[in-house]
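Listing of final08.cif, mmCIF, C-alpha atoms
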```cif
data_run
#
loop_
_atom_site.label_atom_id
_atom_site.label_comp_id
_atom_site.auth_asym_id
_atom_site.auth_seq_id
_atom_site.Cartn_x
_atom_site.Cartn_y
_atom_site.Cartn_z
CA MET S 197 -2.29 19.64 7.44
CA ILE S 198 -5.96 20.68 7.53
CA ASN S 199 -5.84 21.39 3.79
CA LYS S 200 -4.30 17.99 3.10
CA LEU S 201 -6.85 16.29 5.33
CA SER S 202 -9.67 18.09 3.52
CA GLU S 203 -8.25 17.10 0.13
CA PHE S 204 -7.85 13.49 1.26
CA PHE S 205 -11.48 13.37 2.44
CA ARG S 206 -12.70 14.93 -0.82
CA GLN S 207 -10.74 12.42 -2.87
CA SER S 208 -11.90 9.54 -0.65
CA LEU S 209 -15.52 10.50 -1.11
CA ARG S 210 -15.03 10.64 -4.89
CA ALA S 211 -13.29 7.27 -5.00
CA GLU S 212 -15.72 4.56 -5.97
CA PRO S 213 -14.73 1.21 -4.43
CA GLU S 214 -15.72 -0.65 -7.59
CA THR S 215 -13.71 1.52 -9.99
CA GLU S 216 -10.11 1.47 -11.13
CA VAL S 217 -7.66 4.36 -11.27
CA THR S 218 -4.17 4.66 -12.68
CA VAL S 219 -1.22 3.78 -10.48
CA SER S 220 -0.21 7.46 -10.67
CA GLU S 221 -3.60 8.52 -9.30
CA GLU S 222 -3.45 5.86 -6.59
CA ILE S 223 0.06 6.98 -5.58
CA ALA S 224 -1.10 10.62 -5.43
CA MET S 225 -3.94 9.63 -3.10
CA THR S 226 -1.55 7.57 -0.97
CA GLU S 227 0.85 10.51 -0.76
CA LEU S 228 -1.99 12.70 0.57
CA TYR S 229 -2.64 10.11 3.27
CA LEU S 230 1.08 9.86 4.08
CA ASP S 231 1.41 13.65 4.30
CA ILE S 232 -1.25 13.62 7.00
CA GLU S 233 0.49 10.79 8.84
CA LYS S 234 3.86 12.54 8.56
CA THR S 235 2.33 15.34 10.63
CA ARG S 236 1.57 12.76 13.30
CA PHE S 237 4.89 10.92 13.15
CA ALA S 238 7.10 13.92 12.22
CA ASP S 239 10.70 12.82 11.77
CA ARG S 240 9.88 9.28 12.98
CA LEU S 241 8.58 8.34 9.50
CA THR S 242 10.47 8.20 6.24
CA VAL S 243 8.84 7.10 3.00
CA ASP S 244 10.29 5.99 -0.31
CA ILE S 245 8.01 5.64 -3.35
CA GLN S 246 9.29 3.96 -6.49
CA VAL S 247 7.03 3.77 -9.53
CA ALA S 248 8.37 2.26 -12.74
CA ASP S 249 7.55 4.24 -15.88
CA THR S 250 5.86 1.11 -17.25
CA ALA S 251 3.54 1.00 -14.24
CA LYS S 252 2.32 4.62 -14.06
CA PHE S 253 -0.70 4.21 -16.32
CA ARG S 254 -1.68 0.70 -15.31
CA MET S 255 -5.09 0.38 -13.70
CA VAL S 256 -5.64 -0.68 -10.08
CA PRO S 257 -8.67 -0.71 -7.76
CA SER S 258 -9.10 2.71 -6.17
CA MET S 259 -7.79 3.01 -2.60
CA ILE S 260 -5.96 -0.33 -2.79
CA LEU S 261 -2.72 1.01 -1.25
CA GLN S 262 -4.11 3.07 1.64
CA PRO S 263 -5.08 0.14 3.91
CA LEU S 264 -1.69 -1.49 3.28
CA VAL S 265 0.14 1.69 4.26
CA GLU S 266 -2.15 2.13 7.27
CA ASN S 267 -1.33 -1.42 8.32
CA SER S 268 2.42 -0.66 8.23
CA LEU S 269 1.90 2.53 10.20
CA LYS S 270 -0.22 0.83 12.85
CA HIS S 271 1.68 -2.44 13.27
CA ALA S 272 5.27 -1.31 12.69
CA ILE S 273 6.03 2.41 12.71
CA ALA S 274 3.76 3.37 15.62
CA LEU S 275 5.21 0.61 17.80
CA SER S 276 8.77 1.82 17.44
CA GLU S 277 10.01 4.70 19.55
CA SER S 278 12.33 5.76 16.75
CA GLY S 279 9.70 5.25 14.04
CA GLY S 280 10.70 3.63 10.81
CA HIS S 281 10.61 3.46 7.06
CA ILE S 282 7.93 2.54 4.52
CA ARG S 283 8.70 1.73 0.91
CA ILE S 284 6.03 1.61 -1.80
CA VAL S 285 6.92 0.05 -5.13
CA ALA S 286 4.88 -0.30 -8.33
CA SER S 287 6.46 -2.31 -11.12
CA GLU S 288 5.89 -4.97 -13.71
CA SER S 289 5.38 -8.37 -12.15
CA GLU S 290 8.52 -10.46 -11.85
CA SER S 291 6.73 -13.34 -13.55
CA ASP S 292 6.27 -13.50 -17.31
CA SER S 293 2.54 -12.81 -16.96
CA GLY S 294 2.77 -9.10 -17.78
CA GLY S 295 0.94 -8.32 -14.56
CA LEU S 296 1.52 -5.48 -12.13
CA LEU S 297 3.20 -5.77 -8.74
CA LEU S 298 2.42 -3.35 -5.91
CA LYS S 299 4.51 -3.67 -2.78
CA VAL S 300 4.26 -1.93 0.60
CA GLU S 301 7.02 -2.81 3.00
CA ASP S 302 8.07 -1.51 6.38
CA SER S 303 11.11 -1.58 8.61
CA GLY S 304 9.13 -3.18 11.42
CA PRO S 305 9.29 -2.23 15.08
CA GLU S 306 12.61 -2.07 16.87
CA ALA S 307 13.87 -5.40 18.20
CA SER S 308 12.80 -4.44 21.74
CA ASP S 309 9.26 -3.70 20.48
CA ARG S 310 8.76 -6.76 18.23
CA GLY S 311 6.63 -8.56 20.81
CA MET S 312 4.12 -5.73 20.63
CA ARG S 313 3.30 -6.35 16.95
CA GLN S 314 -0.05 -8.06 17.32
CA GLY S 315 -1.43 -11.00 15.41
CA ALA S 316 0.04 -13.11 12.69
CA PRO S 317 1.08 -11.35 9.51
CA GLY S 318 -1.96 -10.93 7.28
CA SER S 319 -4.52 -11.13 10.06
CA SER S 320 -5.62 -7.48 10.03
CA LEU S 321 -9.03 -6.33 8.84
CA GLY S 322 -7.41 -4.03 6.26
CA LEU S 323 -5.53 -6.93 4.67
CA GLU S 324 -8.64 -9.14 4.70
CA ASN S 325 -10.66 -6.40 3.00
CA THR S 326 -7.91 -5.89 0.42
CA LYS S 327 -7.89 -9.63 -0.36
CA ALA S 328 -11.67 -9.57 -0.77
CA ARG S 329 -11.49 -6.58 -3.12
CA LEU S 330 -8.82 -8.26 -5.24
CA THR S 331 -11.01 -11.34 -5.52
CA ALA S 332 -14.03 -9.21 -6.45
CA PHE S 333 -12.03 -7.46 -9.20
CA TYR S 334 -9.90 -10.29 -10.58
CA GLY S 335 -11.14 -13.60 -9.18
CA ASP S 336 -8.32 -16.01 -8.48
CA ALA S 337 -5.96 -14.07 -10.78
CA GLY S 338 -5.36 -11.32 -8.20
CA CYS S 339 -3.02 -12.19 -5.36
CA LEU S 340 -1.98 -10.76 -2.00
CA ARG S 341 0.91 -12.28 -0.10
CA ILE S 342 3.00 -11.33 2.90
CA GLU S 343 6.75 -11.84 3.15
CA GLN S 344 9.61 -10.75 5.32
CA ALA S 345 10.79 -7.36 4.02
CA ASP S 346 14.37 -6.44 3.22
CA LEU S 347 13.78 -3.44 5.49
CA GLY S 348 13.29 -5.71 8.51
CA GLY S 349 9.51 -5.77 8.87
CA TYR S 350 6.86 -7.15 6.56
CA SER S 351 6.23 -6.73 2.88
CA VAL S 352 2.71 -6.95 1.44
CA LEU S 353 2.73 -7.78 -2.26
CA VAL S 354 -0.31 -7.32 -4.47
CA GLU S 355 -0.25 -8.87 -7.92
CA ILE S 356 -2.75 -7.64 -10.49
CA PRO S 357 -3.14 -9.66 -13.68
CA ALA S 358 -2.28 -8.11 -17.02
CA HIS S 359 -5.83 -8.40 -18.32
CA GLY S 360 -7.11 -6.59 -15.23
CA ALA S 361 -4.57 -3.80 -15.33
CA GLY S 362 -4.64 -2.49 -18.87
CA ARG S 363 -3.07 0.70 -20.12
CA LEU S 364 -5.03 3.90 -20.66
CA GLN S 365 -5.39 4.88 -24.29
#
```
Conversion result in structure tokens:
Amino acid sequence: MINKLSEFFRQSLRAEPETEVTVSEEIAMTELYLDIEKTRFADRLTVDIQVADTAKFRMVPSMILQPLVENSLKHAIALSESGGHIRIVASESESDSGGLLLKVEDSGPEASDRGMRQGAPGSSLGLENTKARLTAFYGDAGCLRIEQADLGGYSVLVEIPAHGAGRLQ
């Protein structure tokens, strides 16, 4: 765990907030973060990561997923005695725009713990900062929205426009 924490800190220090990385690189960084959190949550946390082949080399702002995952951990998984599940998906946008869709969804707290989930969906500092970064990168073309997740909690969807998420050559 110490090695993973050290690697995460090294990568975090190298990550420039105004640069883009590939989805594959962003997922690798997110997995480092999740490995650290899995030490904390042990068997109370399960994670499923699904990256479409067409999304792997698309460009995204560095460290765009980490605050979304942290939000799920803090407001859903940590509140549930039995823990929960987080799913991360990177795929082509469902619209015809050719954009990229990133999704972080959680199973939410157990029914008995739902009252403990604080604030309205989307009111966390991490989500506000993510929205601001999307606007800085893509103007009005980038989008963050919150929906009810199929897993039972919330789903945060980030849409990145095609022109802002080009393929590496």
Care to translate the PyMOL selection byres ((chain S and resi 242) around 6) into actual residues of this file, as a PDB file with C-alpha atoms, in the frame of the given file?
```pdb
ATOM      1  CA  LEU S 241       8.580   8.340   9.500  1.00  0.00           C
ATOM      2  CA  VAL S 243       8.840   7.100   3.000  1.00  0.00           C
ATOM      3  CA  HIS S 281      10.610   3.460   7.060  1.00  0.00           C
TER       4      HIS S 281
END
```
Residues matched by the PyMOL selection byres ((chain S and resi 268) around 9) as number ranges by chain: S: 263-267, 269-274, 282, 300-304, 349-351
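In this comparison, which uses all atoms listed in the file, the residue of S:Ser287, S:Ser278, S:Thr331, S:Thr218 approaching Ala251 of chain S most closely is S:Ser287.
Matched in the shown structure by the PyMOL selection byres ((chain S and resi 353-356) around 8): Val256, Ser289, Gly295, Leu296, Leu297, Leu298, Lys299, Val300, Tyr334, Ala337, Gly338, Cys339, Leu340, Arg341, Ile342, Glu343, Ser351, Val352, Pro357, Ala358, Gly360 and Ala361 of chain S.
Taking atom CA of Phe237 of chain S and atom CA of Val217 of chain S as endpoints, the distance between them is 28.2 Å.
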Within 9 Å of Val219 of chain S using all atoms listed in the file, minus same-chain residues under 3 positions, as a PyMOL selection string: chain S and resi 222-224+247+251-256+286
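Candidate residues S:Asn199, S:Met259, S:Ala248, S:Ala345 were compared for distance to Asp231 of chain S, and the nearest is S:Asn199, using all atoms listed in the file.
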Residue nearest Ile284 of chain S - candidates S:Leu230, S:Leu321, S:Leu330, S:Ala238, atoms counted: all atoms listed in the file: S:Leu230
How big is the axis-aligned box around the listed atoms of segment 265-273 of chain S once 8 Å is added on each side, and where is its centre? Give both in Å to one decimal, as lines of an AutoDock Vina configuration file.
```
center_x = 1.9
center_y = 0.0
center_z = 8.8
size_x = 24.2
size_y = 21.0
size_z = 25.0
```
Pick from S:Arg240, S:Thr226, S:Thr235, S:Pro257, whichever lies nearest to Ala332 of chain S using all atoms listed in the file: S:Pro257
Length of the atom CA of Leu228 of chain S to atom CA of Arg283 of chain S vector [Å]: 15.3 Å
Minimum-distance residue to Asp244 of chain S, chosen among S:Leu275, S:Leu347, S:Asp336, S:Glu216 (using all atoms listed in the file): S:Leu347
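Among the candidates S:Met225, S:Ile198, S:Ile232, S:Ile260, the residue lying nearest to Thr326 of chain S is S:Ile260 (atoms considered: all atoms listed in the file).
Atom pair atom CA of Pro305 of chain S / atom CA of Glu227 of chain S has a distance of 22.0 Å (rounded to one decimal).
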